[in-house]
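File shown here: work22.tsv, holding TSV, N, CA and C atoms.
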```
chain	number	residue	atom	x	y	z
A	229	MET	N	-17.72	-0.63	16.46
A	229	MET	CA	-16.32	-0.31	16.18
A	229	MET	C	-15.72	0.45	17.35
A	230	GLY	N	-14.53	0.02	17.72
A	230	GLY	CA	-13.84	0.66	18.83
A	230	GLY	C	-13.01	1.85	18.37
A	231	GLU	N	-12.35	2.45	19.34
A	231	GLU	CA	-11.53	3.64	19.09
A	231	GLU	C	-10.36	3.36	18.14
A	232	ARG	N	-9.68	2.21	18.33
A	232	ARG	CA	-8.55	1.87	17.45
A	232	ARG	C	-9.02	1.65	16.02
A	233	PHE	N	-10.17	1.00	15.84
A	233	PHE	CA	-10.71	0.76	14.51
A	233	PHE	C	-11.06	2.09	13.84
A	234	THR	N	-11.70	2.96	14.57
A	234	THR	CA	-12.08	4.28	14.04
A	234	THR	C	-10.84	5.08	13.65
A	235	LYS	N	-9.81	5.05	14.52
A	235	LYS	CA	-8.56	5.75	14.24
A	235	LYS	C	-7.88	5.16	13.00
A	236	GLY	N	-7.88	3.83	12.91
A	236	GLY	CA	-7.27	3.16	11.76
A	236	GLY	C	-7.99	3.49	10.47
A	237	LEU	N	-9.30	3.51	10.52
A	237	LEU	CA	-10.10	3.84	9.34
A	237	LEU	C	-9.85	5.28	8.90
A	238	ALA	N	-9.72	6.18	9.84
A	238	ALA	CA	-9.42	7.58	9.51
A	238	ALA	C	-8.03	7.69	8.88
A	239	THR	N	-7.09	6.93	9.40
A	239	THR	CA	-5.72	6.98	8.88
A	239	THR	C	-5.62	6.39	7.48
A	240	ILE	N	-6.32	5.28	7.25
A	240	ILE	CA	-6.21	4.62	5.94
A	240	ILE	C	-6.74	5.51	4.81
A	241	LYS	N	-7.55	6.49	5.16
A	241	LYS	CA	-8.11	7.38	4.14
A	241	LYS	C	-7.05	8.32	3.55
A	242	HIS	N	-5.85	8.32	4.11
A	242	HIS	CA	-4.73	9.05	3.49
A	242	HIS	C	-4.17	8.25	2.31
A	243	TYR	N	-4.54	6.96	2.24
A	243	TYR	CA	-3.97	6.05	1.27
A	243	TYR	C	-4.97	5.50	0.27
A	244	ILE	N	-6.25	5.64	0.56
A	244	ILE	CA	-7.29	5.12	-0.32
A	244	ILE	C	-8.45	6.11	-0.37
A	245	THR	N	-9.29	5.94	-1.37
A	245	THR	CA	-10.45	6.83	-1.49
A	245	THR	C	-11.52	6.43	-0.48
A	246	GLU	N	-12.48	7.30	-0.29
A	246	GLU	CA	-13.60	7.03	0.61
A	246	GLU	C	-14.35	5.78	0.15
A	247	GLU	N	-14.53	5.65	-1.15
A	247	GLU	CA	-15.21	4.48	-1.72
A	247	GLU	C	-14.45	3.19	-1.40
A	248	GLU	N	-13.13	3.23	-1.55
A	248	GLU	CA	-12.32	2.06	-1.24
A	248	GLU	C	-12.38	1.72	0.25
A	249	ALA	N	-12.42	2.75	1.10
A	249	ALA	CA	-12.52	2.52	2.54
A	249	ALA	C	-13.83	1.82	2.88
A	250	THR	N	-14.90	2.24	2.25
A	250	THR	CA	-16.20	1.60	2.47
A	250	THR	C	-16.15	0.15	2.03
A	251	ARG	N	-15.58	-0.08	0.85
A	251	ARG	CA	-15.46	-1.45	0.33
A	251	ARG	C	-14.58	-2.31	1.24
A	252	LEU	N	-13.52	-1.71	1.76
A	252	LEU	CA	-12.61	-2.42	2.65
A	252	LEU	C	-13.34	-2.95	3.88
A	253	VAL	N	-14.22	-2.15	4.42
A	253	VAL	CA	-14.97	-2.55	5.62
A	253	VAL	C	-16.11	-3.50	5.27
A	254	ASP	N	-16.79	-3.23	4.18
A	254	ASP	CA	-18.00	-3.98	3.85
A	254	ASP	C	-17.77	-5.31	3.14
A	255	SER	N	-16.67	-5.44	2.41
A	255	SER	CA	-16.50	-6.66	1.62
A	255	SER	C	-15.17	-7.33	1.94
A	256	ASP	N	-15.12	-7.96	3.06
A	256	ASP	CA	-13.94	-8.68	3.50
A	256	ASP	C	-13.96	-10.08	2.90
A	257	THR	N	-13.13	-10.32	1.90
A	257	THR	CA	-13.15	-11.60	1.19
A	257	THR	C	-12.66	-12.77	2.03
A	258	LEU	N	-11.99	-12.50	3.14
A	258	LEU	CA	-11.50	-13.58	4.00
A	258	LEU	C	-12.31	-13.73	5.28
A	259	ALA	N	-13.42	-13.02	5.38
A	259	ALA	CA	-14.22	-13.02	6.60
A	259	ALA	C	-14.72	-14.41	6.97
A	260	ASP	N	-14.97	-15.26	5.98
A	260	ASP	CA	-15.50	-16.59	6.30
A	260	ASP	C	-14.49	-17.49	6.98
A	261	ILE	N	-13.19	-17.26	6.74
A	261	ILE	CA	-12.18	-18.10	7.38
A	261	ILE	C	-11.34	-17.36	8.43
A	262	ALA	N	-11.24	-16.05	8.30
A	262	ALA	CA	-10.43	-15.25	9.23
A	262	ALA	C	-11.13	-13.93	9.50
A	263	PRO	N	-12.23	-13.97	10.22
A	263	PRO	CA	-13.05	-12.77	10.40
A	263	PRO	C	-12.35	-11.63	11.15
A	264	ASP	N	-11.30	-11.92	11.88
A	264	ASP	CA	-10.61	-10.86	12.63
A	264	ASP	C	-9.46	-10.21	11.87
A	265	LEU	N	-9.05	-10.79	10.74
A	265	LEU	CA	-7.88	-10.27	10.03
A	265	LEU	C	-8.07	-8.81	9.60
A	266	ARG	N	-9.19	-8.50	8.98
A	266	ARG	CA	-9.42	-7.12	8.51
A	266	ARG	C	-9.38	-6.15	9.69
A	267	LYS	N	-10.00	-6.54	10.79
A	267	LYS	CA	-10.00	-5.71	11.99
A	267	LYS	C	-8.57	-5.50	12.49
A	268	MET	N	-7.75	-6.55	12.48
A	268	MET	CA	-6.36	-6.44	12.92
A	268	MET	C	-5.58	-5.48	12.04
A	269	ILE	N	-5.79	-5.58	10.73
A	269	ILE	CA	-5.08	-4.70	9.79
A	269	ILE	C	-5.45	-3.25	10.07
A	270	ILE	N	-6.73	-2.99	10.18
A	270	ILE	CA	-7.18	-1.60	10.37
A	270	ILE	C	-6.76	-1.08	11.74
A	271	GLU	N	-6.96	-1.88	12.79
A	271	GLU	CA	-6.64	-1.41	14.14
A	271	GLU	C	-5.13	-1.31	14.38
A	272	PHE	N	-4.42	-2.39	14.07
A	272	PHE	CA	-2.99	-2.40	14.39
A	272	PHE	C	-2.17	-1.63	13.36
A	273	ALA	N	-2.23	-2.08	12.09
A	273	ALA	CA	-1.38	-1.44	11.08
A	273	ALA	C	-1.70	0.04	10.92
A	274	TYR	N	-2.98	0.35	10.72
A	274	TYR	CA	-3.33	1.75	10.45
A	274	TYR	C	-3.64	2.54	11.71
A	275	GLY	N	-4.30	1.92	12.69
A	275	GLY	CA	-4.65	2.63	13.92
A	275	GLY	C	-3.47	2.87	14.84
A	276	ASP	N	-2.56	1.90	14.91
A	276	ASP	CA	-1.42	2.01	15.82
A	276	ASP	C	-0.12	2.45	15.12
A	277	VAL	N	0.17	1.87	13.96
A	277	VAL	CA	1.48	2.11	13.34
A	277	VAL	C	1.45	3.28	12.35
A	278	TYR	N	0.58	3.22	11.34
A	278	TYR	CA	0.53	4.28	10.33
A	278	TYR	C	0.19	5.64	10.94
A	279	SER	N	-0.52	5.66	12.04
A	279	SER	CA	-0.96	6.92	12.62
A	279	SER	C	0.09	7.57	13.53
A	280	ARG	N	1.22	6.94	13.69
A	280	ARG	CA	2.28	7.51	14.54
A	280	ARG	C	2.80	8.81	13.94
A	281	PRO	N	3.27	9.72	14.78
A	281	PRO	CA	3.88	10.95	14.27
A	281	PRO	C	5.29	10.67	13.74
A	282	GLY	N	5.82	11.58	12.96
A	282	GLY	CA	7.21	11.48	12.55
A	282	GLY	C	7.45	11.23	11.08
A	283	LEU	N	6.48	10.65	10.39
A	283	LEU	CA	6.60	10.45	8.94
A	283	LEU	C	5.29	10.87	8.29
A	284	GLU	N	5.39	11.51	7.16
A	284	GLU	CA	4.18	11.85	6.41
A	284	GLU	C	3.71	10.62	5.64
A	285	ALA	N	2.48	10.65	5.21
A	285	ALA	CA	1.86	9.51	4.52
A	285	ALA	C	2.68	9.07	3.31
A	286	LYS	N	3.19	10.01	2.56
A	286	LYS	CA	3.96	9.70	1.36
A	286	LYS	C	5.21	8.87	1.70
A	287	SER	N	5.92	9.26	2.75
A	287	SER	CA	7.12	8.53	3.16
A	287	SER	C	6.77	7.14	3.68
A	288	ARG	N	5.70	7.05	4.46
A	288	ARG	CA	5.27	5.75	4.97
A	288	ARG	C	4.91	4.82	3.80
A	289	ALA	N	4.23	5.36	2.81
A	289	ALA	CA	3.83	4.56	1.66
A	289	ALA	C	5.06	4.02	0.94
A	290	LEU	N	6.08	4.82	0.80
A	290	LEU	CA	7.30	4.38	0.12
A	290	LEU	C	8.00	3.26	0.90
A	291	VAL	N	8.03	3.41	2.22
A	291	VAL	CA	8.62	2.36	3.06
A	291	VAL	C	7.85	1.05	2.89
A	292	VAL	N	6.54	1.13	2.90
A	292	VAL	CA	5.71	-0.08	2.79
A	292	VAL	C	5.87	-0.73	1.41
A	293	ILE	N	5.90	0.07	0.37
A	293	ILE	CA	6.10	-0.49	-0.97
A	293	ILE	C	7.39	-1.29	-1.01
A	294	THR	N	8.47	-0.70	-0.54
A	294	THR	CA	9.75	-1.41	-0.59
A	294	THR	C	9.73	-2.65	0.30
A	295	ALA	N	9.03	-2.59	1.42
A	295	ALA	CA	8.96	-3.76	2.31
A	295	ALA	C	8.22	-4.92	1.65
A	296	VAL	N	7.09	-4.65	1.02
A	296	VAL	CA	6.33	-5.76	0.42
A	296	VAL	C	7.05	-6.30	-0.81
A	297	VAL	N	7.75	-5.44	-1.54
A	297	VAL	CA	8.55	-5.92	-2.68
A	297	VAL	C	9.66	-6.83	-2.17
A	298	THR	N	10.32	-6.43	-1.12
A	298	THR	CA	11.40	-7.23	-0.54
A	298	THR	C	10.90	-8.60	-0.11
A	299	GLN	N	9.67	-8.66	0.39
A	299	GLN	CA	9.08	-9.93	0.81
A	299	GLN	C	8.59	-10.77	-0.37
A	300	GLY	N	8.52	-10.18	-1.55
A	300	GLY	CA	7.98	-10.89	-2.70
A	300	GLY	C	6.46	-11.03	-2.64
A	301	ALA	N	5.82	-10.14	-1.91
A	301	ALA	CA	4.36	-10.17	-1.73
A	301	ALA	C	3.70	-9.43	-2.89
A	302	GLU	N	3.51	-10.14	-4.00
A	302	GLU	CA	3.07	-9.49	-5.23
A	302	GLU	C	1.69	-8.84	-5.16
A	303	PRO	N	0.64	-9.51	-4.67
A	303	PRO	CA	-0.66	-8.81	-4.62
A	303	PRO	C	-0.60	-7.55	-3.76
A	304	GLN	N	0.12	-7.64	-2.64
A	304	GLN	CA	0.23	-6.48	-1.75
A	304	GLN	C	1.08	-5.37	-2.38
A	305	THR	N	2.03	-5.76	-3.23
A	305	THR	CA	2.84	-4.75	-3.91
A	305	THR	C	1.95	-3.87	-4.77
A	306	LYS	N	1.10	-4.48	-5.56
A	306	LYS	CA	0.20	-3.71	-6.42
A	306	LYS	C	-0.73	-2.82	-5.57
A	307	THR	N	-1.27	-3.37	-4.51
A	307	THR	CA	-2.14	-2.62	-3.61
A	307	THR	C	-1.42	-1.41	-3.05
A	308	HIS	N	-0.19	-1.61	-2.58
A	308	HIS	CA	0.52	-0.50	-1.93
A	308	HIS	C	1.10	0.49	-2.93
A	309	ILE	N	1.31	0.10	-4.16
A	309	ILE	CA	1.67	1.08	-5.19
A	309	ILE	C	0.49	2.02	-5.41
A	310	LYS	N	-0.71	1.46	-5.48
A	310	LYS	CA	-1.91	2.31	-5.63
A	310	LYS	C	-2.06	3.23	-4.42
A	311	ARG	N	-1.85	2.69	-3.23
A	311	ARG	CA	-1.96	3.51	-2.02
A	311	ARG	C	-0.89	4.59	-1.98
A	312	GLY	N	0.30	4.26	-2.46
A	312	GLY	CA	1.37	5.25	-2.51
A	312	GLY	C	1.04	6.41	-3.44
A	313	LEU	N	0.46	6.10	-4.58
A	313	LEU	CA	0.04	7.16	-5.51
A	313	LEU	C	-1.01	8.05	-4.84
A	314	HIS	N	-1.95	7.43	-4.15
A	314	HIS	CA	-2.99	8.20	-3.46
A	314	HIS	C	-2.39	9.08	-2.36
A	315	ALA	N	-1.32	8.60	-1.73
A	315	ALA	CA	-0.66	9.36	-0.66
A	315	ALA	C	0.24	10.47	-1.20
A	316	GLY	N	0.41	10.53	-2.53
A	316	GLY	CA	1.19	11.63	-3.11
A	316	GLY	C	2.48	11.25	-3.79
A	317	LEU	N	2.84	9.97	-3.81
A	317	LEU	CA	4.04	9.57	-4.54
A	317	LEU	C	3.81	9.72	-6.03
A	318	THR	N	4.85	10.03	-6.76
A	318	THR	CA	4.76	10.09	-8.21
A	318	THR	C	5.21	8.75	-8.80
A	319	PRO	N	4.80	8.45	-10.02
A	319	PRO	CA	5.31	7.23	-10.65
A	319	PRO	C	6.84	7.19	-10.68
A	320	THR	N	7.47	8.31	-10.93
A	320	THR	CA	8.93	8.36	-10.97
A	320	THR	C	9.53	8.01	-9.61
A	321	GLU	N	8.97	8.53	-8.54
A	321	GLU	CA	9.49	8.20	-7.20
A	321	GLU	C	9.35	6.71	-6.92
A	322	ILE	N	8.25	6.13	-7.32
A	322	ILE	CA	8.04	4.70	-7.10
A	322	ILE	C	9.04	3.88	-7.91
A	323	VAL	N	9.21	4.21	-9.18
A	323	VAL	CA	10.16	3.49	-10.03
A	323	VAL	C	11.58	3.62	-9.48
A	324	GLU	N	11.99	4.81	-9.09
A	324	GLU	CA	13.34	5.00	-8.57
A	324	GLU	C	13.56	4.24	-7.27
A	325	ALA	N	12.55	4.20	-6.41
A	325	ALA	CA	12.67	3.43	-5.17
A	325	ALA	C	12.81	1.94	-5.49
A	326	LEU	N	12.06	1.46	-6.46
A	326	LEU	CA	12.17	0.06	-6.85
A	326	LEU	C	13.55	-0.25	-7.44
A	327	LEU	N	14.04	0.63	-8.29
A	327	LEU	CA	15.37	0.42	-8.87
A	327	LEU	C	16.45	0.44	-7.79
A	328	GLN	N	16.25	1.22	-6.74
A	328	GLN	CA	17.20	1.28	-5.64
A	328	GLN	C	17.33	-0.07	-4.92
A	329	LEU	N	16.30	-0.90	-5.05
A	329	LEU	CA	16.31	-2.21	-4.39
A	329	LEU	C	17.13	-3.27	-5.12
A	330	VAL	N	17.48	-3.04	-6.38
A	330	VAL	CA	18.18	-4.06	-7.17
A	330	VAL	C	19.41	-4.62	-6.45
A	331	PRO	N	20.32	-3.79	-5.93
A	331	PRO	CA	21.51	-4.37	-5.30
A	331	PRO	C	21.21	-5.17	-4.03
A	332	TYR	N	20.06	-4.95	-3.46
A	332	TYR	CA	19.74	-5.57	-2.17
A	332	TYR	C	18.86	-6.82	-2.29
A	333	ILE	N	17.96	-6.82	-3.27
A	333	ILE	CA	17.07	-7.98	-3.38
A	333	ILE	C	17.10	-8.65	-4.74
A	334	GLY	N	17.79	-8.05	-5.71
A	334	GLY	CA	17.98	-8.68	-7.00
A	334	GLY	C	17.02	-8.23	-8.09
A	335	PHE	N	17.41	-8.56	-9.29
A	335	PHE	CA	16.64	-8.17	-10.47
A	335	PHE	C	15.26	-8.82	-10.56
A	336	PRO	N	15.11	-10.12	-10.28
A	336	PRO	CA	13.79	-10.74	-10.48
A	336	PRO	C	12.66	-10.08	-9.67
A	337	ARG	N	12.89	-9.86	-8.39
A	337	ARG	CA	11.83	-9.23	-7.58
A	337	ARG	C	11.56	-7.80	-8.02
A	338	VAL	N	12.60	-7.08	-8.36
A	338	VAL	CA	12.42	-5.70	-8.81
A	338	VAL	C	11.69	-5.68	-10.16
A	339	GLN	N	12.08	-6.57	-11.05
A	339	GLN	CA	11.40	-6.64	-12.34
A	339	GLN	C	9.92	-6.97	-12.16
A	340	ASN	N	9.61	-7.90	-11.27
A	340	ASN	CA	8.20	-8.21	-10.98
A	340	ASN	C	7.47	-6.99	-10.45
A	341	ALA	N	8.10	-6.27	-9.53
A	341	ALA	CA	7.48	-5.09	-8.95
A	341	ALA	C	7.28	-4.00	-10.00
A	342	LEU	N	8.27	-3.83	-10.87
A	342	LEU	CA	8.14	-2.82	-11.94
A	342	LEU	C	7.01	-3.19	-12.90
A	343	THR	N	6.84	-4.48	-13.15
A	343	THR	CA	5.73	-4.92	-14.00
A	343	THR	C	4.39	-4.57	-13.35
A	344	MET	N	4.29	-4.78	-12.05
A	344	MET	CA	3.06	-4.42	-11.34
A	344	MET	C	2.85	-2.91	-11.33
A	345	ALA	N	3.93	-2.16	-11.14
A	345	ALA	CA	3.83	-0.71	-11.17
A	345	ALA	C	3.37	-0.25	-12.55
A	346	GLN	N	3.93	-0.83	-13.58
A	346	GLN	CA	3.53	-0.50	-14.94
A	346	GLN	C	2.03	-0.73	-15.15
A	347	GLN	N	1.52	-1.84	-14.65
A	347	GLN	CA	0.08	-2.14	-14.76
A	347	GLN	C	-0.76	-1.08	-14.05
A	348	VAL	N	-0.34	-0.72	-12.84
A	348	VAL	CA	-1.07	0.31	-12.08
A	348	VAL	C	-1.03	1.64	-12.82
A	349	PHE	N	0.14	2.01	-13.31
A	349	PHE	CA	0.27	3.29	-14.02
A	349	PHE	C	-0.60	3.30	-15.28
A	350	GLN	N	-0.64	2.18	-15.99
A	350	GLN	CA	-1.48	2.10	-17.18
A	350	GLN	C	-2.96	2.21	-16.82
A	351	GLU	N	-3.37	1.52	-15.75
A	351	GLU	CA	-4.77	1.59	-15.31
A	351	GLU	C	-5.16	3.03	-14.97
A	352	LYS	N	-4.22	3.75	-14.36
A	352	LYS	CA	-4.49	5.12	-13.93
A	352	LYS	C	-4.07	6.16	-14.97
A	353	GLN	N	-3.60	5.67	-16.12
A	353	GLN	CA	-3.14	6.52	-17.22
A	353	GLN	C	-2.07	7.52	-16.76
A	354	LEU	N	-1.08	6.99	-16.06
A	354	LEU	CA	0.02	7.80	-15.55
A	354	LEU	C	1.31	7.46	-16.31
A	355	LYS	N	2.16	8.42	-16.45
A	355	LYS	CA	3.45	8.23	-17.13
A	355	LYS	C	4.59	8.48	-16.15
A	356	VAL	N	5.69	7.78	-16.37
A	356	VAL	CA	6.92	8.03	-15.62
A	356	VAL	C	7.67	9.11	-16.38
A	357	LYS	N	8.12	10.11	-15.65
A	357	LYS	CA	8.83	11.23	-16.30
A	357	LYS	C	10.31	11.14	-16.10
```

Can the structure in the file be given as structure tokens, please?
Amino acid sequence: MGERFTKGLATIKHYITEEEATRLVDSDTLADIAPDLRKMIIEFAYGDVYSRPGLEAKSRALVVITAVVTQGAEPQTKTHIKRGLHAGLTPTEIVEALLQLVPYIGFPRVQNALTMAQQVFQEKQLKVK
């Protein structure tokens, strides 16, 4: 592992547990067809971008959640909602950010994202206040 990978792995731990970080490195489900993708995500996204100064992990997580919702990237939406909670976002902050997207991306995508958020909150036994 190079310096960028190590830096990315250290940064991602603001968003996931140590156990999840280990699983992320050890069980790459796309390794058979795209063995470099996981490395790119860790090195570029987390090693180069997420590790930049100027925003705290919580703010970065909120930006990413809204970005993946805007793209309609449903599996990634659920993943980043979990990461946002780990970074310190509250369920209420996540819901309000999603509702803020309605005028810009429409009800269907926001409703889908809220459904995913609801599933995550139920799994983690969290309530919106």

Out of range 253-285 of chain A, which residues get alpha helix (DSSP H) from DSSP, as a list in words?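 DSSP-assigned alpha helix (DSSP H) residues in range 253-285 of chain A: Val253, Asp254, Leu265, Arg266, Lys267, Met268 and Ala285 of chain A.
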
Env of range 237-247 of chain A: 10 Å cut, atoms = only C-alpha atoms, seq-sep filter 5 positions within chain, self excluded. Answer as a PyMOL selection string. chain A and resi 231-232+252-253+267+269-271+273-280+284-286+288-289+307-316

Record the distance separating atom N of Ala345 in chain A and atom C of Lys306 in chain A, expressed in Å with one decimal.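 Answer for the atom N of Ala345 in chain A to atom C of Lys306 in chain A separation: 7.3 Å.
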
With distances taken over only C-alpha atoms, which residue among A:Thr298, A:Glu248, A:Gly230, A:Asp254 lies nearest Pro331 in chain A? A:Thr298

Kindly add N, CA, C and O atoms to the incomplete range 251-265 of chain A and provide the output as a CSV table (one decimal), keeping the file's coordinate frame.
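Wrote rebuild.csv, looks like this:
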```csv
chain,number,residue,atom,x,y,z
A,251,ARG,N,-15.6,-0.1,0.8
A,251,ARG,CA,-15.5,-1.4,0.3
A,251,ARG,C,-14.6,-2.3,1.2
A,251,ARG,O,-14.9,-3.5,1.5
A,252,LEU,N,-13.5,-1.7,1.8
A,252,LEU,CA,-12.6,-2.4,2.6
A,252,LEU,C,-13.3,-3.0,3.9
A,252,LEU,O,-13.1,-4.1,4.3
A,253,VAL,N,-14.2,-2.2,4.4
A,253,VAL,CA,-15.0,-2.6,5.6
A,253,VAL,C,-16.1,-3.5,5.3
A,253,VAL,O,-16.3,-4.5,6.0
A,254,ASP,N,-16.8,-3.2,4.2
A,254,ASP,CA,-18.0,-4.0,3.8
A,254,ASP,C,-17.8,-5.3,3.1
A,254,ASP,O,-18.6,-6.2,3.2
A,255,SER,N,-16.7,-5.4,2.4
A,255,SER,CA,-16.5,-6.7,1.6
A,255,SER,C,-15.2,-7.3,1.9
A,255,SER,O,-14.2,-7.3,1.2
A,256,ASP,N,-15.1,-8.0,3.1
A,256,ASP,CA,-13.9,-8.7,3.5
A,256,ASP,C,-14.0,-10.1,2.9
A,256,ASP,O,-14.7,-10.9,3.3
A,257,THR,N,-13.1,-10.3,1.9
A,257,THR,CA,-13.2,-11.6,1.2
A,257,THR,C,-12.7,-12.8,2.0
A,257,THR,O,-12.9,-13.9,1.7
A,258,LEU,N,-12.0,-12.5,3.1
A,258,LEU,CA,-11.5,-13.6,4.0
A,258,LEU,C,-12.3,-13.7,5.3
A,258,LEU,O,-11.9,-14.5,6.2
A,259,ALA,N,-13.4,-13.0,5.4
A,259,ALA,CA,-14.2,-13.0,6.6
A,259,ALA,C,-14.7,-14.4,7.0
A,259,ALA,O,-14.8,-14.7,8.2
A,260,ASP,N,-15.0,-15.3,6.0
A,260,ASP,CA,-15.5,-16.6,6.3
A,260,ASP,C,-14.5,-17.5,7.0
A,260,ASP,O,-14.8,-18.4,7.8
A,261,ILE,N,-13.2,-17.3,6.7
A,261,ILE,CA,-12.2,-18.1,7.4
A,261,ILE,C,-11.3,-17.4,8.4
A,261,ILE,O,-10.8,-18.0,9.3
A,262,ALA,N,-11.2,-16.0,8.3
A,262,ALA,CA,-10.4,-15.2,9.2
A,262,ALA,C,-11.1,-13.9,9.5
A,262,ALA,O,-10.7,-12.9,9.1
A,263,PRO,N,-12.2,-14.0,10.2
A,263,PRO,CA,-13.0,-12.8,10.4
A,263,PRO,C,-12.4,-11.6,11.2
A,263,PRO,O,-12.8,-10.5,11.0
A,264,ASP,N,-11.3,-11.9,11.9
A,264,ASP,CA,-10.6,-10.9,12.6
A,264,ASP,C,-9.5,-10.2,11.9
A,264,ASP,O,-8.9,-9.2,12.3
A,265,LEU,N,-9.0,-10.8,10.7
A,265,LEU,CA,-7.9,-10.3,10.0
A,265,LEU,C,-8.1,-8.8,9.6
A,265,LEU,O,-7.2,-8.0,9.9
```
